[in-house]
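Here the structure comes first, spelled out in structure tokens, and everything after it is commentary.
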Amino acid sequence: MILDIMQLGESVLRKKCKPVEKVDAELESFVQHMIETMNDAEGVGLAAPQVGADIRLAIVDTAHDPECVSFFKVNGKDAKMEDFMPLVFINPQLEFSGPQETDMEGCLSIQEIRAKVKRRSIVKATLPQLDGSVLEIETDGLCSRAIQHEVDHLNGILFTDRISSSTKSRLKRKLKNLAATKWEYPSRQTGK
């Protein structure tokens, strides 16, 4: 089932999400709907608040571009990124290292806006899984950026909060108009 993707202006996008306390069949079903929604929207990530749930749950899938990282480690060992995608996680904890890097970002919840965002190049993410195990992922590139972007959503932070003041000033009117518009994300499956 394709879920509605919340757009700029929806209050759930600004909430600091609650920890996931239990994993049950309902949550697992919700995750499957999130994956379908992300794939339908051709995204590389989706956080629960983007589909209306203020819980600390997110998905990242950068498998379409195996060359988007220079390294990918799981629990301290080199691994193939594609083997862990889509990466579904709850209650994440992040540590950052490496230099700051600037790259273009967009967001399924802020249509038609892309801007340069500065983030740390390397993330070490402690990612509890639905089955109770915990993955420690260390990576760079698009996967690092996507994990950071989705975890920001769990803290009520949008990528536009991280853009430079000059870019923010330039986009101010467009962002204000987007926040005031009840924009519906068109589904590739339904065409509306």
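Here's how to read the names in the structure tokens: chain A, B, ... by the order shown, residue numbers from 1 in each chain, ligand numbers from 1 in the order shown.
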
Please identify all polymer residues within 9 Å of A:Arg114, counting only C-alpha atoms, omitting same-chain residues fewer than 5 positions from it, and present them as a ChimeraX atom specification.
-> /A:104-107,160

Go ahead and dump the residues you just picked, N, CA, C and O atoms, as a PDB file, in the first residue's frame.
ATOM      1  N   MET A 104      24.402  18.173  -3.131  1.00  0.00           N
ATOM      2  CA  MET A 104      22.991  18.489  -3.351  1.00  0.00           C
ATOM      3  C   MET A 104      22.108  17.484  -2.620  1.00  0.00           C
ATOM      4  O   MET A 104      22.415  16.294  -2.589  1.00  0.00           O
ATOM      5  N   GLU A 105      21.024  17.993  -2.042  1.00  0.00           N
ATOM      6  CA  GLU A 105      20.018  17.142  -1.425  1.00  0.00           C
ATOM      7  C   GLU A 105      18.639  17.609  -1.847  1.00  0.00           C
ATOM      8  O   GLU A 105      18.430  18.773  -2.167  1.00  0.00           O
ATOM      9  N   GLY A 106      17.738  16.668  -1.805  1.00  0.00           N
ATOM     10  CA  GLY A 106      16.330  16.946  -1.999  1.00  0.00           C
ATOM     11  C   GLY A 106      15.585  16.130  -0.961  1.00  0.00           C
ATOM     12  O   GLY A 106      16.198  15.434  -0.151  1.00  0.00           O
ATOM     13  N   CYS A 107      14.272  16.196  -0.984  1.00  0.00           N
ATOM     14  CA  CYS A 107      13.489  15.486   0.016  1.00  0.00           C
ATOM     15  C   CYS A 107      12.100  15.195  -0.547  1.00  0.00           C
ATOM     16  O   CYS A 107      11.503  16.065  -1.193  1.00  0.00           O
ATOM     17  N   THR A 160      16.373  21.708   4.625  1.00  0.00           N
ATOM     18  CA  THR A 160      16.387  23.157   4.406  1.00  0.00           C
ATOM     19  C   THR A 160      16.848  23.921   5.642  1.00  0.00           C
ATOM     20  O   THR A 160      17.246  25.084   5.539  1.00  0.00           O
TER      21      THR A 160
END

Find the spatial neighbours of A:Leu46, counting only C-alpha atoms, within a cut-off of 7 Å - ignore same-chain residues fewer than 2 positions away - and output them as a PyMOL selection string.
-> chain A and resi 38+48+50+58-60+150

Export, as a tab-separated table (two decimals), in the first residue's frame, the selected residues with C-alpha atoms.
chain	number	residue	atom	x	y	z
A	38	MET	CA	9.78	5.01	-0.95
A	48	ALA	CA	8.27	7.49	9.62
A	50	GLN	CA	7.24	11.62	6.44
A	58	ALA	CA	13.54	5.07	8.99
A	59	ILE	CA	14.60	3.33	5.80
A	60	VAL	CA	17.57	3.99	3.52
A	150	GLU	CA	16.65	10.43	7.57

Quick one: residues within 9 Å of A:Arg162, only C-alpha atoms counted, chain neighbours fewer than 2 positions away excluded, as a list in words?
-> Lys116, Val117, Lys118, Arg119, Ile157, Leu158, Phe159, Thr160, Ser164, Ser165 and Lys168 of chain A

For the selection you just gave me, I'd like the residues written to a file as a CSV table (one decimal), in the first residue's frame, keeping all heavy atoms.
chain,number,residue,atom,x,y,z
A,116,LYS,N,22.3,22.7,-1.8
A,116,LYS,CA,23.6,22.2,-1.3
A,116,LYS,C,23.5,22.2,0.2
A,116,LYS,O,23.1,23.2,0.9
A,116,LYS,CB,24.8,23.0,-1.8
A,116,LYS,CG,25.0,22.8,-3.2
A,116,LYS,CD,26.3,23.6,-3.7
A,116,LYS,CE,26.5,23.4,-5.1
A,116,LYS,NZ,27.7,24.1,-5.6
A,117,VAL,N,23.9,21.0,0.8
A,117,VAL,CA,23.9,20.8,2.3
A,117,VAL,C,25.3,20.3,2.7
A,117,VAL,O,25.8,19.4,2.1
A,117,VAL,CB,22.8,19.8,2.7
A,117,VAL,CG1,22.8,19.6,4.2
A,117,VAL,CG2,21.4,20.3,2.3
A,118,LYS,N,25.8,20.9,3.8
A,118,LYS,CA,27.1,20.5,4.3
A,118,LYS,C,26.8,19.5,5.4
A,118,LYS,O,26.0,19.7,6.3
A,118,LYS,CB,27.8,21.7,4.9
A,118,LYS,CG,29.2,21.5,5.2
A,118,LYS,CD,29.9,22.7,5.8
A,118,LYS,CE,30.2,23.7,4.7
A,118,LYS,NZ,31.0,24.8,5.2
A,119,ARG,N,27.5,18.3,5.3
A,119,ARG,CA,27.4,17.3,6.3
A,119,ARG,C,28.8,16.7,6.5
A,119,ARG,O,29.6,16.7,5.6
A,119,ARG,CB,26.4,16.2,5.9
A,119,ARG,CG,25.0,16.6,5.8
A,119,ARG,CD,24.1,15.4,5.6
A,119,ARG,NE,22.7,15.8,5.4
A,119,ARG,CZ,21.8,16.1,6.3
A,119,ARG,NH1,22.1,16.0,7.6
A,119,ARG,NH2,20.5,16.4,6.0
A,157,ILE,N,14.1,17.8,12.0
A,157,ILE,CA,15.0,18.7,11.3
A,157,ILE,C,14.8,18.4,9.8
A,157,ILE,O,14.9,17.2,9.4
A,157,ILE,CB,16.5,18.5,11.7
A,157,ILE,CG1,16.6,18.9,13.2
A,157,ILE,CG2,17.4,19.3,10.8
A,157,ILE,CD1,18.0,18.4,13.7
A,158,LEU,N,14.6,19.4,9.0
A,158,LEU,CA,14.5,19.2,7.5
A,158,LEU,C,15.9,19.7,6.9
A,158,LEU,O,16.6,20.5,7.4
A,158,LEU,CB,13.4,20.1,7.0
A,158,LEU,CG,12.0,19.7,7.6
A,158,LEU,CD1,11.0,20.7,7.0
A,158,LEU,CD2,11.6,18.3,7.3
A,159,PHE,N,16.2,19.2,5.7
A,159,PHE,CA,17.4,19.5,5.0
A,159,PHE,C,17.5,21.0,4.8
A,159,PHE,O,18.6,21.6,4.8
A,159,PHE,CB,17.7,18.7,3.8
A,159,PHE,CG,17.0,19.3,2.5
A,159,PHE,CD1,17.8,20.1,1.6
A,159,PHE,CD2,15.7,19.0,2.2
A,159,PHE,CE1,17.3,20.6,0.5
A,159,PHE,CE2,15.2,19.5,1.0
A,159,PHE,CZ,15.9,20.3,0.2
A,160,THR,N,16.4,21.7,4.6
A,160,THR,CA,16.4,23.2,4.4
A,160,THR,C,16.8,23.9,5.6
A,160,THR,O,17.2,25.1,5.5
A,160,THR,CB,15.0,23.6,4.0
A,160,THR,OG1,14.0,23.1,4.9
A,160,THR,CG2,14.7,23.1,2.6
A,164,SER,N,22.7,27.0,3.6
A,164,SER,CA,23.4,28.3,3.9
A,164,SER,C,22.3,29.4,4.0
A,164,SER,O,21.2,29.3,3.4
A,164,SER,CB,24.4,28.7,2.9
A,164,SER,OG,23.8,29.0,1.6
A,165,SER,N,22.6,30.5,4.7
A,165,SER,CA,21.7,31.5,4.9
A,165,SER,C,21.4,32.2,3.6
A,165,SER,O,20.2,32.7,3.3
A,165,SER,CB,22.1,32.6,5.9
A,165,SER,OG,23.4,32.4,6.3
A,168,LYS,N,19.0,30.0,1.8
A,168,LYS,CA,17.7,30.0,2.5
A,168,LYS,C,16.9,31.3,2.1
A,168,LYS,O,15.7,31.3,1.9
A,168,LYS,CB,17.9,29.9,4.0
A,168,LYS,CG,16.7,29.5,4.8
A,168,LYS,CD,17.0,29.3,6.3
A,168,LYS,CE,17.9,28.1,6.5
A,168,LYS,NZ,18.1,27.7,7.9

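Using only C-alpha atoms for every distance, the candidate list A:Val20, A:Ala41, A:Leu27, A:Cys143 yields A:Ala41 as the residue closest to A:Asp4.
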
Report the residues of stretch 2-99 of chain A whose backbone DSSP state falls under helix (DSSP H, G or I), written as a ChimeraX atom specification.
-> /A:11-14,25-40,48-51,66-68,81-84

Those selected residues, please, written with C-alpha atoms and delivered as a JSON list (two decimals), in the first residue's frame.
[["chain", "number", "residue", "atom", "x", "y", "z"],
["A", 11, "SER", "CA", 3.41, 19.54, 11.96],
["A", 12, "VAL", "CA", 4.57, 15.90, 12.22],
["A", 13, "LEU", "CA", 7.66, 16.84, 10.19],
["A", 14, "ARG", "CA", 8.79, 19.14, 13.01],
["A", 25, "ALA", "CA", 3.09, -7.42, 13.15],
["A", 26, "GLU", "CA", 1.49, -3.99, 12.75],
["A", 27, "LEU", "CA", 4.87, -2.24, 12.75],
["A", 28, "GLU", "CA", 6.34, -4.80, 10.33],
["A", 29, "SER", "CA", 3.40, -4.23, 7.98],
["A", 30, "PHE", "CA", 3.91, -0.45, 8.28],
["A", 31, "VAL", "CA", 7.59, -0.91, 7.32],
["A", 32, "GLN", "CA", 6.58, -2.83, 4.18],
["A", 33, "HIS", "CA", 4.22, 0.02, 3.24],
["A", 34, "MET", "CA", 7.05, 2.51, 3.83],
["A", 35, "ILE", "CA", 9.37, 0.54, 1.53],
["A", 36, "GLU", "CA", 6.68, 0.42, -1.18],
["A", 37, "THR", "CA", 6.07, 4.15, -0.76],
["A", 38, "MET", "CA", 9.78, 5.01, -0.95],
["A", 39, "ASN", "CA", 10.24, 2.86, -4.06],
["A", 40, "ASP", "CA", 7.13, 4.30, -5.70],
["A", 48, "ALA", "CA", 8.27, 7.49, 9.62],
["A", 49, "PRO", "CA", 7.25, 11.13, 10.21],
["A", 50, "GLN", "CA", 7.24, 11.62, 6.44],
["A", 51, "VAL", "CA", 4.29, 9.24, 6.31],
["A", 66, "PRO", "CA", 26.87, 0.56, -5.49],
["A", 67, "GLU", "CA", 29.62, 3.06, -6.39],
["A", 68, "CYS", "CA", 28.07, 5.80, -4.22],
["A", 81, "MET", "CA", 26.25, -2.28, 0.78],
["A", 82, "GLU", "CA", 23.68, -3.93, -1.49],
["A", 83, "ASP", "CA", 23.43, -6.91, 0.87],
["A", 84, "PHE", "CA", 21.97, -4.67, 3.59]]

In stretch 99-179 of chain A, DSSP strand (DSSP E) residues written as a ChimeraX atom specification = /A:99-107,110-128,134-139

Closest of A:Thr181, A:Gln148, A:Thr62, A:Gln7 to A:Glu95 - atom-to-atom distances counting only C-alpha atoms | A:Gln148

Expressed in Å to a single decimal, how great is the separation between atom CA of A:Ala179 and atom CA of A:Leu8?
-> 4.8 Å

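Between A:Gln100 and the candidates A:Val88, A:Ile122, A:Leu135, A:Ala53, the tightest atom-to-atom separation, counting only C-alpha atoms, involves A:Ile122.
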
For the atom pair atom CA of A:Asp103 and atom CA of A:Ile2, what is the interatomic distance in Å to one decimal place?
-> 29.1 Å

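Picture a line from atom CA of A:Cys17 to atom CA of A:Asp152; it runs 10.3 Å.
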